[in-house]
Each structure stands twice: as structure tokens, then as C-alpha cells.
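The next block is final24.pdb, given as PDB, C-alpha atoms and all ligand atoms.
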ATOM      1  CA  MET A 198      -6.064  15.688  57.085
ATOM      2  CA  GLU A 199      -3.994  18.273  55.265
ATOM      3  CA  CYS A 200      -2.177  17.524  52.009
ATOM      4  CA  GLY A 201       1.605  17.364  52.394
ATOM      5  CA  ASP A 202       2.219  19.307  49.206
ATOM      6  CA  HIS A 203      -0.629  21.803  49.463
ATOM      7  CA  PRO A 204      -0.904  23.405  52.912
ATOM      8  CA  GLY A 205      -4.457  24.239  53.853
ATOM      9  CA  VAL A 206      -5.951  21.780  51.379
ATOM     10  CA  ASP A 207      -7.639  18.657  52.697
ATOM     11  CA  VAL A 208      -6.763  15.282  51.246
ATOM     12  CA  VAL A 209      -9.692  13.687  49.454
ATOM     13  CA  SER A 210      -8.352  10.172  49.046
ATOM     14  CA  ALA A 211      -5.261   8.002  49.157
ATOM     15  CA  CYS A 212      -2.990   7.195  46.251
ATOM     16  CA  GLY A 213      -3.789   3.740  44.888
ATOM     17  CA  ALA A 214      -0.093   2.827  44.753
ATOM     18  CA  CYS A 215       1.773   4.439  47.673
ATOM     19  CA  LYS A 216      -1.292   5.024  49.917
ATOM     20  CA  ARG A 217      -0.181   8.595  50.597
ATOM     21  CA  GLY A 218      -3.023  11.047  51.068
ATOM     22  CA  VAL A 219      -3.688  13.107  47.964
ATOM     23  CA  CYS A 220      -5.791  16.228  47.485
ATOM     24  CA  GLU A 221      -7.749  17.010  44.333
ATOM     25  CA  ALA A 222      -4.725  18.783  42.799
ATOM     26  CA  CYS A 223      -2.302  15.972  43.689
ATOM     27  CA  ALA A 224      -4.350  13.144  42.235
ATOM     28  CA  THR A 225      -3.233  13.800  38.684
ATOM     29  CA  TYR A 226      -3.428  10.180  37.566
ATOM     30  CA  GLU A 227      -5.837   7.295  37.836
ATOM     31  CA  ILE A 228      -4.818   3.679  38.179
ATOM     32  CA  ASP A 229      -7.563   1.185  37.375
ATOM     33  CA  GLY A 230     -10.137   3.877  38.122
ATOM     34  CA  GLY A 231      -8.695   4.956  41.488
ATOM     35  CA  PRO A 232      -6.855   8.199  42.251
ATOM     36  CA  CYS A 233      -3.081   8.210  42.197
ATOM     37  CA  CYS A 234      -0.395  10.796  42.871
ATOM     38  CA  GLU A 235       1.800  12.322  40.170
ATOM     39  CA  ARG A 236       4.918  10.324  41.098
ATOM     40  CA  CYS A 237       3.259   6.891  41.125
ATOM     41  CA  GLY A 238       1.159   7.759  38.082
ATOM     42  CA  ARG A 239       4.233   8.510  36.024
ATOM     43  CA  ALA A 240       6.023   5.379  37.205
ATOM     44  CA  GLU A 241       2.972   3.197  36.531
ATOM     45  CA  ASP A 242       2.404   4.832  33.161
ATOM     46  CA  GLU A 243       5.953   4.044  32.122
ATOM     47  CA  ARG A 244       5.720   0.502  33.472
ATOM     48  CA  ALA A 245       2.452  -0.134  31.615
ATOM     49  CA  ARG A 246       3.997   1.258  28.436
ATOM     50  CA  SER A 247       7.106  -0.913  28.609
ATOM     51  CA  LEU A 248       4.991  -3.937  29.564
ATOM     52  CA  GLY A 249       2.826  -3.300  26.537
ATOM     53  CA  SER A 250       5.757  -3.208  24.163
ATOM     54  CA  ALA A 251       7.395  -6.216  25.845
ATOM     55  CA  LEU A 252       4.114  -8.086  25.395
ATOM     56  CA  LEU A 253       3.986  -7.217  21.714
ATOM     57  CA  ALA A 254       7.596  -8.284  21.228
ATOM     58  CA  LEU A 255       6.935 -11.622  22.960
ATOM     59  CA  VAL A 256       3.871 -12.232  20.815
ATOM     60  CA  GLY A 257       5.931 -11.480  17.713
ATOM     61  CA  VAL A 258       8.635 -13.897  18.815
ATOM     62  CA  GLY A 259       5.997 -16.547  19.576
ATOM     63  CA  TYR A 260       4.481 -16.089  16.131
ATOM     64  CA  LEU A 261       7.829 -16.394  14.341
ATOM     65  CA  ALA A 262       8.911 -19.367  16.458
ATOM     66  CA  THR A 263       5.666 -21.223  15.743
ATOM     67  CA  LEU A 264       5.973 -20.345  12.079
ATOM     68  CA  ALA A 265       9.544 -21.640  11.976
ATOM     69  CA  LEU A 266       8.613 -24.851  13.823
ATOM     70  CA  GLY A 267       5.580 -25.318  11.597
ATOM     71  CA  VAL A 268       7.655 -24.931   8.453
ATOM     72  CA  ALA A 269      10.322 -27.298   9.819
ATOM     73  CA  PHE A 270       7.800 -30.024  10.700
ATOM     74  CA  PHE A 271       5.092 -29.634   8.080
ATOM     75  CA  LYS A 272       6.950 -27.764   5.333
ATOM     76  CA  ALA A 273       5.270 -24.552   4.191
ATOM     77  CA  ARG A 274       1.703 -25.858   4.143
ATOM     78  CA  PRO A 275      -1.025 -23.212   4.065
ATOM     79  CA  PHE A 276      -2.327 -23.949   7.583
ATOM     80  CA  VAL A 277       1.034 -23.250   9.228
ATOM     81  CA  GLY A 278       0.536 -19.481   9.030
ATOM     82  CA  GLY A 279      -2.933 -19.829  10.552
ATOM     83  CA  VAL A 280      -1.699 -21.979  13.405
ATOM     84  CA  ALA A 281       1.111 -19.497  14.127
ATOM     85  CA  ALA A 282      -1.410 -16.637  14.219
ATOM     86  CA  ILE A 283      -3.670 -18.547  16.623
ATOM     87  CA  VAL A 284      -0.718 -19.368  18.869
ATOM     88  CA  ALA A 285       0.375 -15.699  18.841
ATOM     89  CA  ILE A 286      -3.121 -14.501  19.790
ATOM     90  CA  ALA A 287      -3.436 -17.104  22.562
ATOM     91  CA  LEU A 288       0.028 -16.206  23.824
ATOM     92  CA  GLY A 289      -0.896 -12.511  23.888
ATOM     93  CA  ARG A 290      -4.082 -13.236  25.876
ATOM     94  CA  ALA A 291      -2.271 -15.493  28.327
ATOM     95  CA  LEU A 292       0.518 -12.972  28.865
ATOM     96  CA  GLN A 293      -1.972 -10.155  29.372
ATOM     97  CA  LEU A 294      -3.801 -12.173  32.038
ATOM     98  CA  TRP A 295      -0.534 -13.115  33.653
ATOM     99  CA  ILE A 296       1.153  -9.710  33.671
ATOM    100  CA  LYS A 297      -2.048  -7.651  34.062
ATOM    101  CA  PRO A 298      -0.816  -4.225  32.959
ATOM    102  CA  SER A 299      -2.712  -1.635  34.980
ATOM    103  CA  ALA A 300      -4.800   0.971  33.235
ATOM    104  CA  VAL A 301      -3.162   4.328  33.897
ATOM    105  CA  THR A 302      -4.820   7.498  32.737
ATOM    106  CA  ARG A 303      -3.832  11.093  33.201
ATOM    107  CA  ARG A 304      -6.718  13.082  34.610
ATOM    108  CA  SER A 305      -7.509  16.230  32.717
ATOM    109  CA  ARG A 306      -7.841  19.194  35.002
ATOM    110  CA  ALA A 307     -10.898  21.339  34.565
TER     111      ALA A 307
HETATM  112 ZN    ZN B 401       1.488   7.546  45.064
HETATM  113 ZN    ZN B 402      -2.024  18.251  47.264
END
Using C-alpha cells, write down the structure that the file contains.
Amino acid sequence: MECGDHPGVDVVSACGACKRGVCEACATYEIDGGPCCERCGRAEDERARSLGSALLALVGVGYLATLALGVAFFKARPFVGGVAAIVAIALGRALQLWIKPSAVTRRSRA
């Protein structure tokens, strides 16, 4: 099959996101190890980036909320900070498993 963007060039695989056939030149990104076209790669890259920062923000909020609750219930005892940190780490792990941001990499062209 011929690539839609590069006449005369055969497609080598399908984009992992939109399933469109991509040739070697079109597959400029990789999603979770599979080839991906420029358009989807950019979109996924941006999505993964914003998910990453949203995740961090949520973890920060979780940490502060636990800290505030801990201080309210137990006063500022030394273990409150530790508990808040553990909750924040657990929250981060859980969110990562739940949201599963895909690994997007830009392929370097030789
Ligand atoms: Zn695509
Ligand atoms: Zn192409």
C-alpha cells in the first residue's frame, strides 16, 4: 500500500492511534513502543504532558489536604508530615495506574 502523504513510498505499519498507514518518514512518533503518525504523536504528547502536570497538582493537593486534616485532628505532631507524604505517594501511584499516561517519544531521524 502506498503512503497517502508520500506518493511512491510504501507504508510500513499503521499508526497506533488512528490506524492510518504510515511510511518510515510519517512515523515520526512512538506511542508505547509502536509507530505513530505526526498528528497523533503531537496530540498524545500534549495529552501526556498535561496529564503529568495534572497528576502532580492532584498529588500536591492530596498532600496539603492530608496535612491540614492531620494537623486539625492530631495537632502538629511529627508523624503528620510523614503520613501526608505517604498518602501523596500512594495517591500518585493510584492516579498513574488509573489514568495510565502513554509513553510518547519523538523518533530521531537518521
Ligand atoms: Zn495517527
Ligand atoms: Zn509517508
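Candidate residues A:Lys272, A:His203, A:Arg217, A:Arg239 were compared for distance to ligand ZN 401 (chain B), and the nearest is A:Arg217, using only C-alpha atoms and all ligand atoms.
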Which residue is closest to Val219 (chain A)? Choose from A:Gly267, A:Pro275, A:Gly231, A:Gly201 and count all atoms listed in the file. A:Gly201
Mind giving me the axis-aligned box for region 234-246 of chain A with 5 Å on every side, centre plus edges in Å to one decimal, as AutoDock Vina command-line options?
--center_x 2.8 --center_y 6.1 --center_z 35.7 --size_x 16.4 --size_y 22.5 --size_z 24.4
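Each of A:Gly259, A:Gly249, A:Gly218, A:Gly213 was compared to ligand ZN 402 (chain B) using all atoms listed in the file, and A:Gly218 turns out to be the nearest.
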Out of A:Leu288, A:Ala269, A:Cys234, A:Val301, which residue has the shortest atom-to-atom distance to ligand ZN 401 (chain B) when counting only C-alpha atoms and all ligand atoms? A:Cys234
When the cut-off is 7 Å and you count only C-alpha atoms and all ligand atoms, which residues lie near ligand ZN 402 (chain B), shown as a ChimeraX atom specification? /A:200-203,206,208,219-223
Residues contacting ligand ZN 401 (chain B) - anything with an atom at most 9 Å away, using all atoms listed in the file - can you give me those as a compact mmCIF listing (two decimals) with C-alpha atoms, keeping the file's coordinate frame?
# COMPACT_ATOMS: atom_id res chain seq x y z
CA ALA A 211 -5.26 8.00 49.16
CA CYS A 212 -2.99 7.20 46.25
CA GLY A 213 -3.79 3.74 44.89
CA ALA A 214 -0.09 2.83 44.75
CA CYS A 215 1.77 4.44 47.67
CA LYS A 216 -1.29 5.02 49.92
CA ARG A 217 -0.18 8.60 50.60
CA GLY A 218 -3.02 11.05 51.07
CA VAL A 219 -3.69 13.11 47.96
CA ALA A 224 -4.35 13.14 42.24
CA PRO A 232 -6.86 8.20 42.25
CA CYS A 233 -3.08 8.21 42.20
CA CYS A 234 -0.40 10.80 42.87
CA GLU A 235 1.80 12.32 40.17
CA ARG A 236 4.92 10.32 41.10
CA CYS A 237 3.26 6.89 41.12
CA GLY A 238 1.16 7.76 38.08
Name the residues captured by the PyMOL selection byres (((chain A and resi 286) around 12) and not hetatm) when it is applied to the shown file; answer as an MDAnalysis selection string. chainID A and resid 252:253 255:260 263 279:285 287:293
A:Leu266, A:Met198, A:Ala273, A:Ile228 ranked by distance to Asp242 (chain A), top pick (using all atoms listed in the file):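 Ranked by minimum distance to Asp242 (chain A), first place goes to A:Ile228.
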Please indicate the distance in Å from CA of Ser210 (chain A) to CA of Glu241 (chain A), rounded to one decimal place.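 Interatomic distance here is 18.3 Å.
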Please, what distance in Å, to one decimal, runs between CA of Arg303 (chain A) and CA of Thr225 (chain A)?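 One can read the CA of Arg303 (chain A) to CA of Thr225 (chain A) distance as 6.1 Å.
The gap separating CA of Gly205 (chain A) from CA of Tyr226 (chain A) is 21.5 Å, in Å to one decimal.
Closest approach to Ala265 (chain A) from the set A:Val277, A:Gly230, A:Asp207, A:Leu248 is made by A:Val277, with distances taken over all atoms listed in the file.
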